[in-house]
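Shown next: data-v7.cif, containing mmCIF, C-alpha atoms.
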```cif
data_upload
#
loop_
_atom_site.label_atom_id
_atom_site.label_comp_id
_atom_site.auth_asym_id
_atom_site.auth_seq_id
_atom_site.Cartn_x
_atom_site.Cartn_y
_atom_site.Cartn_z
CA MET J 181 0.00 0.00 0.00
CA THR J 182 1.35 3.43 -0.97
CA THR J 183 1.68 5.78 2.02
CA THR J 184 0.62 9.43 2.13
CA ALA J 185 4.25 10.49 2.41
CA GLU J 186 5.15 8.50 -0.69
CA LEU J 187 2.21 9.95 -2.63
CA SER J 188 3.20 13.50 -1.73
CA ALA J 189 6.58 12.93 -3.37
CA THR J 190 5.13 11.53 -6.61
CA THR J 191 4.03 13.49 -9.65
CA LEU J 192 0.49 13.73 -10.97
CA LEU J 193 -0.41 12.73 -14.53
CA ARG J 194 -3.76 13.60 -16.04
CA PHE J 195 -4.60 11.38 -19.01
CA ALA J 196 -7.59 10.48 -21.15
CA THR J 197 -8.59 7.46 -23.18
CA ALA J 198 -10.34 7.63 -26.54
CA GLY J 199 -11.16 5.34 -29.45
CA SER J 200 -13.95 3.98 -31.62
CA VAL J 201 -16.92 2.11 -30.24
CA ASP J 202 -16.01 -1.40 -29.01
CA ASP J 203 -12.26 -0.82 -29.36
CA GLY J 204 -11.93 -1.72 -25.67
CA LYS J 205 -11.36 1.58 -23.88
CA SER J 206 -13.28 0.67 -20.74
CA THR J 207 -11.76 -2.81 -20.72
CA LEU J 208 -8.29 -1.30 -20.91
CA VAL J 209 -9.02 1.04 -18.02
CA GLY J 210 -10.56 -1.79 -16.00
CA ARG J 211 -7.53 -3.98 -16.68
CA LEU J 212 -5.21 -1.13 -15.72
CA LEU J 213 -7.04 -0.64 -12.41
CA HIS J 214 -7.36 -4.36 -11.72
CA ASP J 215 -3.80 -5.41 -12.50
CA SER J 216 -2.27 -2.43 -10.70
CA LYS J 217 -4.37 -3.37 -7.62
CA SER J 218 -6.10 0.00 -7.63
CA ILE J 219 -9.66 -1.23 -6.95
CA LEU J 220 -11.32 -2.21 -3.69
CA THR J 221 -12.59 -5.70 -2.96
CA ASP J 222 -16.23 -4.58 -2.79
CA GLN J 223 -15.86 -2.86 -6.20
CA LEU J 224 -14.57 -6.07 -7.75
CA GLU J 225 -17.35 -8.08 -6.11
CA ALA J 226 -19.96 -5.68 -7.51
CA VAL J 227 -18.50 -6.10 -11.01
CA GLU J 228 -18.48 -9.89 -10.62
CA ARG J 229 -22.16 -9.85 -9.62
CA ALA J 230 -23.10 -7.57 -12.53
CA SER J 231 -21.13 -9.75 -14.95
CA ALA J 232 -22.79 -12.93 -13.65
CA SER J 233 -26.24 -11.39 -14.07
CA ARG J 234 -25.38 -10.87 -17.75
CA GLY J 235 -24.36 -14.52 -18.14
CA GLN J 236 -20.61 -13.90 -18.28
CA GLU J 237 -18.27 -16.43 -16.71
CA GLY J 238 -15.60 -13.97 -15.56
CA PRO J 239 -15.69 -10.34 -14.40
CA ASP J 240 -16.23 -7.78 -17.15
CA LEU J 241 -13.58 -5.21 -16.24
CA ALA J 242 -15.22 -2.59 -18.46
CA LEU J 243 -17.92 -2.24 -15.79
CA LEU J 244 -15.38 -0.62 -13.48
CA THR J 245 -15.66 2.55 -15.56
CA ASP J 246 -19.05 2.28 -17.29
CA GLY J 247 -20.84 3.72 -14.28
CA LEU J 248 -24.12 4.88 -15.81
CA ARG J 249 -26.93 2.34 -15.93
CA ALA J 250 -27.50 3.09 -19.62
CA GLU J 251 -23.82 2.41 -20.29
CA ARG J 252 -23.96 -0.99 -18.61
CA GLU J 253 -27.15 -1.95 -20.43
CA GLN J 254 -25.79 -0.95 -23.84
CA GLY J 255 -22.19 -1.97 -23.24
CA ILE J 256 -20.89 1.44 -24.34
CA THR J 257 -19.42 4.55 -22.74
CA ILE J 258 -21.70 7.62 -22.89
CA ASP J 259 -20.35 10.11 -20.37
CA VAL J 260 -16.79 10.92 -19.31
CA ALA J 261 -15.86 8.62 -16.42
CA TYR J 262 -13.16 9.97 -14.11
CA ARG J 263 -11.01 7.64 -12.03
CA TYR J 264 -8.29 8.39 -9.52
CA PHE J 265 -5.56 5.87 -8.74
CA ALA J 266 -1.92 5.73 -7.79
CA THR J 267 1.16 3.54 -7.96
CA ALA J 268 4.40 3.88 -6.04
CA LYS J 269 5.79 6.06 -8.85
CA ARG J 270 2.93 8.39 -9.79
CA ARG J 271 -0.61 9.54 -9.11
CA PHE J 272 -3.16 9.54 -11.92
CA ILE J 273 -6.41 11.25 -12.87
CA LEU J 274 -7.98 9.32 -15.72
CA ALA J 275 -10.82 10.43 -18.01
CA ASP J 276 -12.43 7.56 -19.93
CA THR J 277 -14.19 9.29 -22.83
CA PRO J 278 -16.92 8.02 -25.20
CA GLY J 279 -16.23 6.71 -28.68
CA HIS J 280 -19.44 7.61 -30.52
CA VAL J 281 -19.31 10.50 -32.98
CA GLN J 282 -22.23 12.21 -31.23
CA TYR J 283 -20.18 12.34 -28.02
CA THR J 284 -17.18 14.13 -29.56
CA ARG J 285 -17.85 17.04 -27.20
CA ASN J 286 -17.37 14.68 -24.25
CA MET J 287 -13.89 13.80 -25.46
CA VAL J 288 -13.07 17.50 -25.72
CA THR J 289 -14.14 17.88 -22.10
CA GLY J 290 -12.12 14.91 -20.91
CA ALA J 291 -8.95 15.71 -22.85
CA SER J 292 -8.94 19.48 -22.29
CA THR J 293 -6.80 19.18 -19.16
CA ALA J 294 -4.96 15.97 -20.12
CA GLU J 295 -1.20 15.77 -20.44
CA LEU J 296 -1.47 12.45 -22.30
CA THR J 297 -4.13 10.76 -24.41
CA VAL J 298 -4.38 7.03 -25.04
CA ILE J 299 -6.08 6.38 -28.39
CA LEU J 300 -7.19 2.79 -28.90
CA VAL J 301 -7.38 1.03 -32.23
CA ASP J 302 -8.85 -2.42 -32.92
CA ALA J 303 -6.04 -4.39 -34.54
CA ARG J 304 -8.57 -6.01 -36.89
CA ASN J 305 -9.90 -2.68 -38.19
CA GLY J 306 -6.82 -0.45 -38.12
CA VAL J 307 -7.03 3.33 -38.33
CA VAL J 308 -10.65 4.33 -38.97
CA GLU J 309 -12.51 7.63 -39.28
CA GLN J 310 -13.04 7.98 -35.54
CA THR J 311 -9.34 7.29 -34.89
CA ARG J 312 -8.42 10.24 -37.10
CA ARG J 313 -11.06 12.37 -35.40
CA HIS J 314 -9.63 11.64 -31.94
CA ALA J 315 -6.08 12.29 -33.14
CA ALA J 316 -7.20 15.65 -34.54
CA ILE J 317 -8.90 16.60 -31.26
CA ALA J 318 -5.76 15.68 -29.30
CA ALA J 319 -3.77 17.92 -31.66
CA LEU J 320 -6.28 20.77 -31.36
CA LEU J 321 -6.12 20.57 -27.57
CA ARG J 322 -2.29 20.56 -27.69
CA VAL J 323 -2.04 17.33 -25.70
CA PRO J 324 1.75 16.86 -25.54
CA HIS J 325 1.84 13.03 -25.43
CA VAL J 326 -0.26 10.57 -27.45
CA VAL J 327 -0.19 6.80 -26.96
CA LEU J 328 -1.52 4.59 -29.75
CA ALA J 329 -2.71 1.38 -28.08
CA VAL J 330 -3.28 -1.24 -30.78
CA ASN J 331 -5.76 -3.44 -28.94
CA LYS J 332 -7.09 -6.98 -29.51
CA MET J 333 -3.73 -8.25 -30.75
CA ASP J 334 -4.85 -11.69 -29.57
CA LEU J 335 -7.44 -11.68 -32.37
CA VAL J 336 -4.77 -11.17 -35.07
CA ALA J 337 -2.46 -13.88 -33.71
CA TYR J 338 -0.14 -11.24 -32.19
CA GLU J 339 1.26 -10.49 -35.66
CA GLU J 340 4.04 -7.88 -35.65
CA LYS J 341 3.33 -6.76 -39.23
CA VAL J 342 -0.29 -5.92 -38.35
CA PHE J 343 0.86 -3.70 -35.50
CA ALA J 344 3.64 -2.08 -37.53
CA ALA J 345 1.32 -1.13 -40.40
CA ILE J 346 -1.24 0.46 -38.07
CA ALA J 347 1.44 2.30 -36.09
CA GLU J 348 3.05 3.75 -39.21
CA GLU J 349 -0.27 4.94 -40.68
CA PHE J 350 -1.38 6.60 -37.44
CA THR J 351 2.01 8.18 -36.78
CA ALA J 352 2.12 9.74 -40.25
CA TYR J 353 -1.35 11.26 -39.76
CA ALA J 354 -0.78 12.51 -36.19
CA SER J 355 2.64 13.94 -37.03
CA GLU J 356 1.08 15.93 -39.88
CA LEU J 357 -1.27 17.45 -37.29
CA GLY J 358 1.70 18.53 -35.17
CA VAL J 359 1.37 16.02 -32.32
CA PRO J 360 4.81 16.29 -30.68
CA GLU J 361 5.19 12.75 -29.28
CA ILE J 362 3.56 9.50 -30.36
CA THR J 363 4.21 6.13 -28.69
CA ALA J 364 2.70 2.95 -30.13
CA ILE J 365 2.10 -0.10 -27.90
CA PRO J 366 0.56 -3.47 -28.96
CA ILE J 367 -1.85 -4.75 -26.31
CA SER J 368 -4.69 -7.09 -25.48
CA ALA J 369 -6.78 -5.41 -22.79
CA LEU J 370 -8.94 -8.51 -22.35
CA ALA J 371 -5.98 -10.85 -21.80
CA GLY J 372 -3.76 -8.28 -20.10
CA ASP J 373 -0.92 -8.31 -22.64
CA ASN J 374 1.36 -5.24 -22.30
CA VAL J 375 -1.12 -3.36 -20.10
CA VAL J 376 0.59 -3.75 -16.73
CA GLU J 377 2.70 -6.85 -17.34
CA PRO J 378 4.82 -7.53 -20.48
CA SER J 379 3.29 -9.95 -22.96
CA ALA J 380 4.74 -13.42 -23.41
CA HIS J 381 3.08 -13.56 -26.84
CA MET J 382 4.86 -10.54 -28.37
CA ASP J 383 8.57 -11.04 -27.78
CA TRP J 384 9.21 -8.96 -30.92
CA TYR J 385 8.09 -5.85 -28.99
CA GLY J 386 10.76 -4.32 -26.76
CA GLY J 387 9.02 -1.16 -25.59
CA PRO J 388 7.21 -0.33 -22.33
CA THR J 389 3.84 -1.58 -21.17
CA VAL J 390 1.03 0.96 -20.94
CA LEU J 391 1.52 1.40 -17.18
CA GLU J 392 5.31 1.67 -17.50
CA HIS J 393 4.89 4.45 -20.04
CA LEU J 394 2.31 6.25 -17.90
CA GLU J 395 4.63 6.06 -14.91
CA THR J 396 7.70 7.38 -16.72
CA VAL J 397 6.49 9.80 -19.40
CA PRO J 398 7.80 13.28 -18.56
CA VAL J 399 5.25 15.98 -17.86
CA SER J 400 7.17 18.13 -20.31
CA HIS J 401 4.99 21.25 -20.31
CA ASP J 402 5.91 22.31 -16.77
CA LEU J 403 3.50 25.16 -16.05
CA ALA J 404 5.87 26.60 -13.46
CA HIS J 405 8.09 27.74 -16.34
CA CYS J 406 5.29 29.24 -18.46
CA HIS J 407 4.14 32.88 -18.53
CA ALA J 408 3.10 33.76 -14.97
CA ARG J 409 -0.63 34.41 -14.66
CA LEU J 410 -2.90 34.94 -11.62
CA PRO J 411 -6.63 35.40 -12.32
CA VAL J 412 -8.03 37.25 -9.31
CA GLN J 413 -10.90 35.34 -7.69
CA TYR J 414 -11.42 37.36 -4.52
CA VAL J 415 -10.20 40.53 -2.82
CA ILE J 416 -9.43 39.96 0.86
CA ARG J 417 -9.88 42.93 3.24
CA PRO J 418 -10.35 41.76 6.85
CA GLN J 419 -10.38 45.32 8.28
CA THR J 420 -9.77 43.95 11.77
CA ALA J 421 -7.71 45.37 14.61
CA GLU J 422 -5.00 42.86 13.78
CA HIS J 423 -5.06 43.58 10.04
CA PRO J 424 -6.49 47.10 9.59
CA ASP J 425 -4.82 47.79 6.24
CA TYR J 426 -4.55 44.27 4.78
CA ARG J 427 -5.55 44.09 1.10
CA GLY J 428 -4.81 40.82 -0.65
CA TYR J 429 -5.71 39.44 -4.07
CA ALA J 430 -6.53 35.75 -3.91
CA GLY J 431 -6.64 33.17 -6.68
CA GLN J 432 -5.07 30.05 -8.10
CA ILE J 433 -1.92 30.62 -10.13
CA ALA J 434 -2.84 29.51 -13.65
CA ALA J 435 0.76 29.29 -14.83
CA GLY J 436 4.26 30.37 -13.97
CA THR J 437 5.91 31.61 -10.78
CA PHE J 438 5.54 34.76 -8.68
CA ARG J 439 8.24 36.11 -6.34
CA VAL J 440 8.26 38.90 -3.78
CA GLY J 441 9.67 42.01 -5.47
CA ASP J 442 8.53 41.05 -8.98
CA PRO J 443 7.24 43.99 -11.08
CA VAL J 444 3.70 43.13 -12.11
CA THR J 445 0.91 44.66 -14.17
CA VAL J 446 -2.82 44.36 -13.52
CA LEU J 447 -4.93 43.77 -16.63
CA PRO J 448 -7.03 45.02 -18.29
CA SER J 449 -6.36 48.36 -16.53
CA GLY J 450 -2.60 48.24 -17.25
CA ARG J 451 -1.62 49.63 -13.83
CA ALA J 452 1.90 48.60 -12.72
CA THR J 453 3.25 47.83 -9.24
CA LYS J 454 5.39 45.25 -7.41
CA VAL J 455 4.65 42.14 -5.36
CA ALA J 456 5.06 43.18 -1.72
CA GLY J 457 4.23 39.80 -0.22
CA ILE J 458 2.79 36.35 -0.91
CA ASP J 459 0.61 34.36 1.50
CA VAL J 460 0.05 30.62 1.07
CA LEU J 461 -2.31 28.95 3.56
CA GLY J 462 -2.04 32.02 5.77
CA LYS J 463 1.75 31.98 5.93
CA PRO J 464 4.14 34.34 4.12
CA VAL J 465 6.43 32.86 1.46
CA ASP J 466 8.99 34.34 -0.92
CA VAL J 467 7.90 32.41 -4.01
CA ALA J 468 4.74 30.68 -5.25
CA TYR J 469 4.05 28.66 -8.37
CA THR J 470 1.27 26.94 -10.27
CA PRO J 471 -1.12 25.41 -9.26
CA GLN J 472 -0.93 26.90 -5.77
CA SER J 473 -3.78 28.99 -4.42
CA VAL J 474 -2.24 32.19 -3.07
CA THR J 475 -2.88 35.72 -1.91
CA LEU J 476 -0.70 38.43 -3.46
CA LEU J 477 0.00 41.68 -1.60
CA LEU J 478 0.99 44.64 -3.79
CA GLU J 479 3.04 47.72 -2.99
CA ASP J 480 0.44 50.18 -4.34
CA ASP J 481 -3.29 50.48 -3.74
CA ILE J 482 -4.82 49.72 -7.11
CA ASP J 483 -8.46 49.22 -8.04
CA ILE J 484 -8.51 45.43 -8.55
CA SER J 485 -11.55 43.18 -8.55
CA ARG J 486 -12.56 39.64 -9.42
CA GLY J 487 -11.79 38.89 -13.06
CA ASP J 488 -8.62 40.98 -13.28
CA LEU J 489 -5.36 39.27 -14.25
CA ILE J 490 -2.02 39.86 -12.51
CA VAL J 491 0.98 39.23 -14.77
CA PRO J 492 4.72 40.04 -14.89
CA SER J 493 5.22 43.53 -16.35
CA LYS J 494 7.83 42.24 -18.81
CA ASP J 495 5.60 39.41 -19.98
CA ALA J 496 2.10 40.87 -20.22
CA PRO J 497 -0.32 39.60 -22.89
CA ALA J 498 -2.03 42.07 -25.18
CA THR J 499 -5.61 43.03 -24.36
CA THR J 500 -8.17 42.87 -27.12
CA GLN J 501 -11.89 42.95 -27.80
CA ASP J 502 -11.54 40.85 -30.97
CA ILE J 503 -10.81 37.18 -30.38
CA GLU J 504 -10.33 34.56 -33.10
CA ALA J 505 -10.29 30.98 -31.94
CA THR J 506 -10.87 27.37 -32.77
CA VAL J 507 -13.97 26.17 -30.94
CA CYS J 508 -15.86 22.97 -30.25
CA HIS J 509 -19.59 23.53 -30.00
CA VAL J 510 -20.97 21.43 -27.15
CA ALA J 511 -24.63 22.48 -26.93
CA ASP J 512 -27.62 21.14 -28.85
CA GLN J 513 -28.61 24.74 -29.65
CA PRO J 514 -26.65 25.93 -32.75
CA LEU J 515 -24.13 28.76 -32.55
CA THR J 516 -24.86 31.32 -35.26
CA VAL J 517 -23.37 34.53 -36.60
CA GLY J 518 -24.83 37.40 -34.57
CA HIS J 519 -25.39 35.19 -31.53
CA ARG J 520 -25.20 37.25 -28.32
CA VAL J 521 -23.38 35.32 -25.61
CA LEU J 522 -21.39 35.62 -22.41
CA LEU J 523 -17.68 34.87 -22.70
CA LYS J 524 -15.96 33.46 -19.61
CA HIS J 525 -12.16 33.80 -19.62
CA GLY J 526 -10.45 32.78 -16.39
CA THR J 527 -12.42 34.44 -13.60
CA ARG J 528 -13.87 37.19 -15.82
CA THR J 529 -17.21 37.02 -17.65
CA VAL J 530 -18.16 39.64 -20.25
CA LYS J 531 -20.83 40.17 -22.87
CA ALA J 532 -19.88 39.23 -26.43
CA ILE J 533 -21.28 38.73 -29.91
CA VAL J 534 -20.30 36.16 -32.55
CA LYS J 535 -19.14 38.31 -35.48
CA ASP J 536 -18.19 35.55 -37.92
CA ILE J 537 -17.77 31.80 -38.31
CA PRO J 538 -15.05 31.66 -41.01
CA SER J 539 -14.97 27.89 -41.33
CA ARG J 540 -16.05 24.51 -40.03
CA LEU J 541 -13.42 21.79 -39.82
CA THR J 542 -14.10 18.35 -41.27
CA LEU J 543 -12.00 16.12 -39.04
CA ASP J 544 -12.15 13.13 -41.36
CA ASP J 545 -9.84 14.74 -43.94
CA LEU J 546 -9.02 18.08 -42.20
CA SER J 547 -10.75 20.05 -44.97
CA LEU J 548 -12.44 23.38 -44.26
CA HIS J 549 -16.06 24.22 -45.06
CA PRO J 550 -16.00 28.01 -45.50
CA HIS J 551 -18.55 30.29 -43.81
CA PRO J 552 -21.02 27.61 -42.68
CA GLY J 553 -23.15 30.25 -40.91
CA GLN J 554 -23.57 28.12 -37.81
CA LEU J 555 -22.01 25.36 -35.74
CA VAL J 556 -24.11 22.51 -34.36
CA ALA J 557 -23.38 20.04 -31.55
CA ASN J 558 -19.91 18.43 -31.86
CA ASP J 559 -18.84 20.76 -34.69
CA ILE J 560 -15.33 22.20 -34.59
CA GLY J 561 -14.70 25.44 -36.40
CA ARG J 562 -13.12 28.90 -36.41
CA VAL J 563 -15.03 31.72 -34.73
CA LYS J 564 -14.49 35.49 -34.44
CA VAL J 565 -15.93 37.04 -31.29
CA ARG J 566 -16.22 40.70 -30.28
CA THR J 567 -16.31 41.32 -26.53
CA ALA J 568 -17.86 44.30 -24.72
CA GLU J 569 -14.65 44.76 -22.70
CA ALA J 570 -11.00 44.21 -23.57
CA LEU J 571 -9.58 40.91 -22.32
CA PRO J 572 -5.95 39.83 -21.75
CA VAL J 573 -5.79 36.56 -23.68
CA ASP J 574 -2.85 34.31 -24.46
CA SER J 575 -2.54 32.00 -27.40
CA TYR J 576 -3.73 28.50 -26.48
CA ALA J 577 -0.37 27.22 -27.75
CA ASP J 578 1.34 29.26 -25.00
CA SER J 579 -1.12 28.62 -22.18
CA ARG J 580 -3.96 26.14 -22.12
CA ARG J 581 -5.44 27.94 -19.09
CA THR J 582 -5.36 31.60 -20.14
CA GLY J 583 -5.67 30.79 -23.85
CA SER J 584 -9.05 29.11 -23.44
CA PHE J 585 -12.60 30.33 -22.82
CA ILE J 586 -16.20 29.22 -22.92
CA LEU J 587 -19.26 30.83 -24.46
CA ILE J 588 -22.41 30.81 -22.32
CA ASP J 589 -26.07 31.30 -23.15
CA PRO J 590 -27.03 34.45 -21.17
CA SER J 591 -30.67 33.37 -20.89
CA ASN J 592 -30.12 30.13 -18.96
CA GLY J 593 -26.40 29.77 -18.22
CA THR J 594 -25.89 26.79 -20.53
CA THR J 595 -22.34 26.26 -21.79
CA LEU J 596 -22.47 26.60 -25.58
CA THR J 597 -18.91 26.42 -26.85
CA ALA J 598 -15.36 25.73 -25.69
CA GLY J 599 -12.73 27.93 -27.37
CA MET J 600 -8.97 27.84 -27.93
CA VAL J 601 -7.38 31.16 -28.92
CA GLY J 602 -5.02 31.28 -31.88
CA GLU J 603 -3.99 28.80 -34.57
CA SER J 604 -5.75 25.45 -34.83
CA PHE J 605 -2.83 23.04 -35.05
CA ALA J 606 0.83 23.13 -34.10
CA SER J 607 3.45 23.08 -36.86
CA PRO J 608 4.46 19.52 -37.71
CA GLU J 609 7.66 18.35 -36.05
CA PRO J 610 10.56 17.45 -38.37
CA VAL J 611 10.64 13.72 -39.02
CA LYS J 612 13.47 12.10 -37.05
CA ASP J 613 15.62 9.33 -38.46
CA ASP J 614 14.96 6.41 -36.12
CA SER J 615 16.29 3.75 -38.46
CA GLU J 616 18.74 2.51 -35.84
CA ASP J 617 16.17 2.47 -33.05
CA ASP J 618 14.82 -0.99 -32.29
CA GLY J 619 11.99 0.29 -30.09
CA TRP J 620 8.43 1.05 -31.08
CA ASP J 621 8.40 4.72 -30.02
CA PHE J 622 7.03 6.26 -33.22
#
```

Please re-express this file's structure in C-alpha cells.
Amino acid sequence: MTTTAELSATTLLRFATAGSVDDGKSTLVGRLLHDSKSILTDQLEAVERASASRGQEGPDLALLTDGLRAEREQGITIDVAYRYFATAKRRFILADTPGHVQYTRNMVTGASTAELTVILVDARNGVVEQTRRHAAIAALLRVPHVVLAVNKMDLVAYEEKVFAAIAEEFTAYASELGVPEITAIPISALAGDNVVEPSAHMDWYGGPTVLEHLETVPVSHDLAHCHARLPVQYVIRPQTAEHPDYRGYAGQIAAGTFRVGDPVTVLPSGRATKVAGIDVLGKPVDVAYTPQSVTLLLEDDIDISRGDLIVPSKDAPATTQDIEATVCHVADQPLTVGHRVLLKHGTRTVKAIVKDIPSRLTLDDLSLHPHPGQLVANDIGRVKVRTAEALPVDSYADSRRTGSFILIDPSNGTTLTAGMVGESFASPEPVKDDSEDDGWDF
C-alpha cells in the first residue's frame, strides 16, 4: 500500500482514453485498475455480480468505468468517467471518454486538461474515421503526449506486421497534425498483454507496457516555467484590529511563478506595481508557483476586482476585444453569426457577440467548409468574437489555461462552446531518423 508520504513525493499525470466504439477503452481502463491493484474488494465483487447477471463467466472489467446504468445496459461509454488511482511512482487522474461521434464534445471535455491521451485502435480494423477524429482533437487541444494502443492483438495472432502497419499509418497522420510525441504499444486489454505486465506472446516488442509508459512519461509542459498568470478570484480585506490595512488578491496561479519584489501589471487596466508579499495557507512565502492557491500583496493600492489578471510587467499579454479561436460547439442549440453570448475567460465574464464563423473543420480529412453560418453540436470550427470589454488573452499554444474560454447562453447559463485562442494546429515536427532504433516509439 502506498503511504501518504510516498504519494506527496510523486508526480500527478492527467490522461484520457479515446477510441472507436467497441475498441476496448473501458476494458483497458478496467484492466489497468485491476492489475495495478487500484480497486477495492467490494468494487470487484460488484463487477463480478453484474457480470454474472449478464451470463458472463468472468468479471467484465469494463464495468469498473461504465458507471451509468444506460452504459452498462448498452455496453458502451456515454459520459466521461473519471477515475483516480496511484502507484508507487505516480498519481493519476484518468478520463475515460466516449467513442461515438455524437459524443465528440465529451472527449473534448475529458482531454482538455490531459497531459497524455491514449487512443485505442482495434487491430482487426486499423485506423478508422473515428481514430483520425480523436487524433485531430488531441492535436487541437495541444495534448503533448499521445499513446496509440493497438488493442485486440490476440485476435490477429499477435502479428508484428499488423501492429507495424497500423502504427506507421497513425504516426504519419498525427505527425502531420503537429502532435509532438507518439508512442505505439501493442496490447490485449482482455488478456492483459502489455497493459501492466509484459506480454509473453509478443517477444518482438521491446518497448514499455502501458503502465510503464504512464509512470515514466515526462510531464514536459511544466507550467511553473510558463508565462506567470494569476486570475483574481477574490479581494481579501479583513479590516480587523490585527489587520487594519490588509488588502490581498486571492486566486489560483494559472501558470508560472511569482516572487516577492517582482514587477507586475494588472490587466485590463494596465496599472503597474510590485509584489510586496505572498501568503500561502495564511503563511508568508517568498515564491509561489502553479497550481498553488495564493494571496498576493501589492506595494500600491490599485483598483482590482474579481476577473482581473495579474501578470509580470515584462511578460504581459495584449488586451483585445476581438478574439479569433478554434472552438468545439458542445450544446444542442446551434451557434450562429450574430449570436449574443457571455464569454468566460479565467475568472472574468463579459458580454460578447459572434461576429463571424469563417470555417467549419471536417476532421475526417481536415478540410475546411468556408462560412457555414452556424455550428451545431460536436462541430469544430473557427469563430471570431467581439467582446464588450478588452480581455488579456494568451494563445492556447502558449497557455492552455489563459488561452481558453467558454461561451455561455445568457438566458439560462448553458455552456455553448469551448474555445482555444489562436492557430488550430501546431506546426508539424521534423521527421526524425529512427532507423537505428529498435523500439516502437514512433

Hey, what comes out of the PyMOL selection byres ((chain J and resi 490) around 7) on this file? Could you write it as a VMD selection string?
chain J and resid 409 to 411 444 to 447 488 to 489 491

Can you list what the PyMOL selection byres ((chain J and resi 551) around 12) grabs from this structure, as number ranges by chain?
J: 516-517, 535-541, 548-550, 552-555, 561-564

Between J:Ala568, J:Val201, J:Cys406, J:Ile588, single out the one closest to Glu309 (chain J), counting all atoms listed in the file.
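Selected residue with least distance to Glu309 (chain J): J:Val201.
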
Selection result of the PyMOL selection byres ((chain J and resi 317) around 12) on this file, as a PDB file with C-alpha atoms, in the coordinates of the input:
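Below you can see out_24.pdb, which holds the result:
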```pdb
ATOM      1  CA  ALA J 196      -7.590  10.480 -21.150  1.00  0.00           C
ATOM      2  CA  ALA J 198     -10.340   7.630 -26.540  1.00  0.00           C
ATOM      3  CA  GLY J 199     -11.160   5.340 -29.450  1.00  0.00           C
ATOM      4  CA  THR J 284     -17.180  14.130 -29.560  1.00  0.00           C
ATOM      5  CA  ARG J 285     -17.850  17.040 -27.200  1.00  0.00           C
ATOM      6  CA  ASN J 286     -17.370  14.680 -24.250  1.00  0.00           C
ATOM      7  CA  MET J 287     -13.890  13.800 -25.460  1.00  0.00           C
ATOM      8  CA  VAL J 288     -13.070  17.500 -25.720  1.00  0.00           C
ATOM      9  CA  THR J 289     -14.140  17.880 -22.100  1.00  0.00           C
ATOM     10  CA  GLY J 290     -12.120  14.910 -20.910  1.00  0.00           C
ATOM     11  CA  ALA J 291      -8.950  15.710 -22.850  1.00  0.00           C
ATOM     12  CA  SER J 292      -8.940  19.480 -22.290  1.00  0.00           C
ATOM     13  CA  ALA J 294      -4.960  15.970 -20.120  1.00  0.00           C
ATOM     14  CA  THR J 297      -4.130  10.760 -24.410  1.00  0.00           C
ATOM     15  CA  ILE J 299      -6.080   6.380 -28.390  1.00  0.00           C
ATOM     16  CA  GLN J 310     -13.040   7.980 -35.540  1.00  0.00           C
ATOM     17  CA  THR J 311      -9.340   7.290 -34.890  1.00  0.00           C
ATOM     18  CA  ARG J 312      -8.420  10.240 -37.100  1.00  0.00           C
ATOM     19  CA  ARG J 313     -11.060  12.370 -35.400  1.00  0.00           C
ATOM     20  CA  HIS J 314      -9.630  11.640 -31.940  1.00  0.00           C
ATOM     21  CA  ALA J 315      -6.080  12.290 -33.140  1.00  0.00           C
ATOM     22  CA  ALA J 316      -7.200  15.650 -34.540  1.00  0.00           C
ATOM     23  CA  ALA J 318      -5.760  15.680 -29.300  1.00  0.00           C
ATOM     24  CA  ALA J 319      -3.770  17.920 -31.660  1.00  0.00           C
ATOM     25  CA  LEU J 320      -6.280  20.770 -31.360  1.00  0.00           C
ATOM     26  CA  LEU J 321      -6.120  20.570 -27.570  1.00  0.00           C
ATOM     27  CA  ARG J 322      -2.290  20.560 -27.690  1.00  0.00           C
ATOM     28  CA  VAL J 323      -2.040  17.330 -25.700  1.00  0.00           C
ATOM     29  CA  VAL J 326      -0.260  10.570 -27.450  1.00  0.00           C
ATOM     30  CA  ALA J 354      -0.780  12.510 -36.190  1.00  0.00           C
ATOM     31  CA  LEU J 357      -1.270  17.450 -37.290  1.00  0.00           C
ATOM     32  CA  GLY J 358       1.700  18.530 -35.170  1.00  0.00           C
ATOM     33  CA  VAL J 359       1.370  16.020 -32.320  1.00  0.00           C
ATOM     34  CA  THR J 506     -10.870  27.370 -32.770  1.00  0.00           C
ATOM     35  CA  VAL J 507     -13.970  26.170 -30.940  1.00  0.00           C
ATOM     36  CA  CYS J 508     -15.860  22.970 -30.250  1.00  0.00           C
ATOM     37  CA  LEU J 541     -13.420  21.790 -39.820  1.00  0.00           C
ATOM     38  CA  THR J 542     -14.100  18.350 -41.270  1.00  0.00           C
ATOM     39  CA  LEU J 543     -12.000  16.120 -39.040  1.00  0.00           C
ATOM     40  CA  ASP J 544     -12.150  13.130 -41.360  1.00  0.00           C
ATOM     41  CA  LEU J 546      -9.020  18.080 -42.200  1.00  0.00           C
ATOM     42  CA  ASN J 558     -19.910  18.430 -31.860  1.00  0.00           C
ATOM     43  CA  ASP J 559     -18.840  20.760 -34.690  1.00  0.00           C
ATOM     44  CA  ILE J 560     -15.330  22.200 -34.590  1.00  0.00           C
ATOM     45  CA  GLY J 561     -14.700  25.440 -36.400  1.00  0.00           C
ATOM     46  CA  MET J 600      -8.970  27.840 -27.930  1.00  0.00           C
ATOM     47  CA  SER J 604      -5.750  25.450 -34.830  1.00  0.00           C
ATOM     48  CA  PHE J 605      -2.830  23.040 -35.050  1.00  0.00           C
TER      49      PHE J 605
END
```

Find the distance between CA of Thr594 (chain J) and CA of Gln413 (chain J) and write it in Å to one decimal.
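Result for CA of Thr594 (chain J) versus CA of Gln413 (chain J): 21.5 Å, one decimal.
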
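For the atom pair formed by CA of Val534 (chain J) and CA of His519 (chain J), the distance is 5.3 Å, given to one decimal.
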
Which value, in Å to one decimal, gives the distance between CA of Leu328 (chain J) and CA of Phe272 (chain J)?
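The value is 18.6 Å.
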
I'd like the contact shell of Lys269 (chain J) - 8 Å cut-off, all atoms listed in the file, skipping same-chain residues fewer than 2 positions apart - returned as a list of chain:residue names.
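Those residues are J:Thr190, J:Thr191, J:Ala266, J:Thr267, J:Arg271, J:Glu395.
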
Might you pull out every residue within 12 Å of Glu392 (chain J), with all atoms listed in the file counted and same-chain residues fewer than 3 positions away left off, and present them as a PyMOL selection string?
chain J and resi 212+216+267-270+365+374-378+387-389+395-398
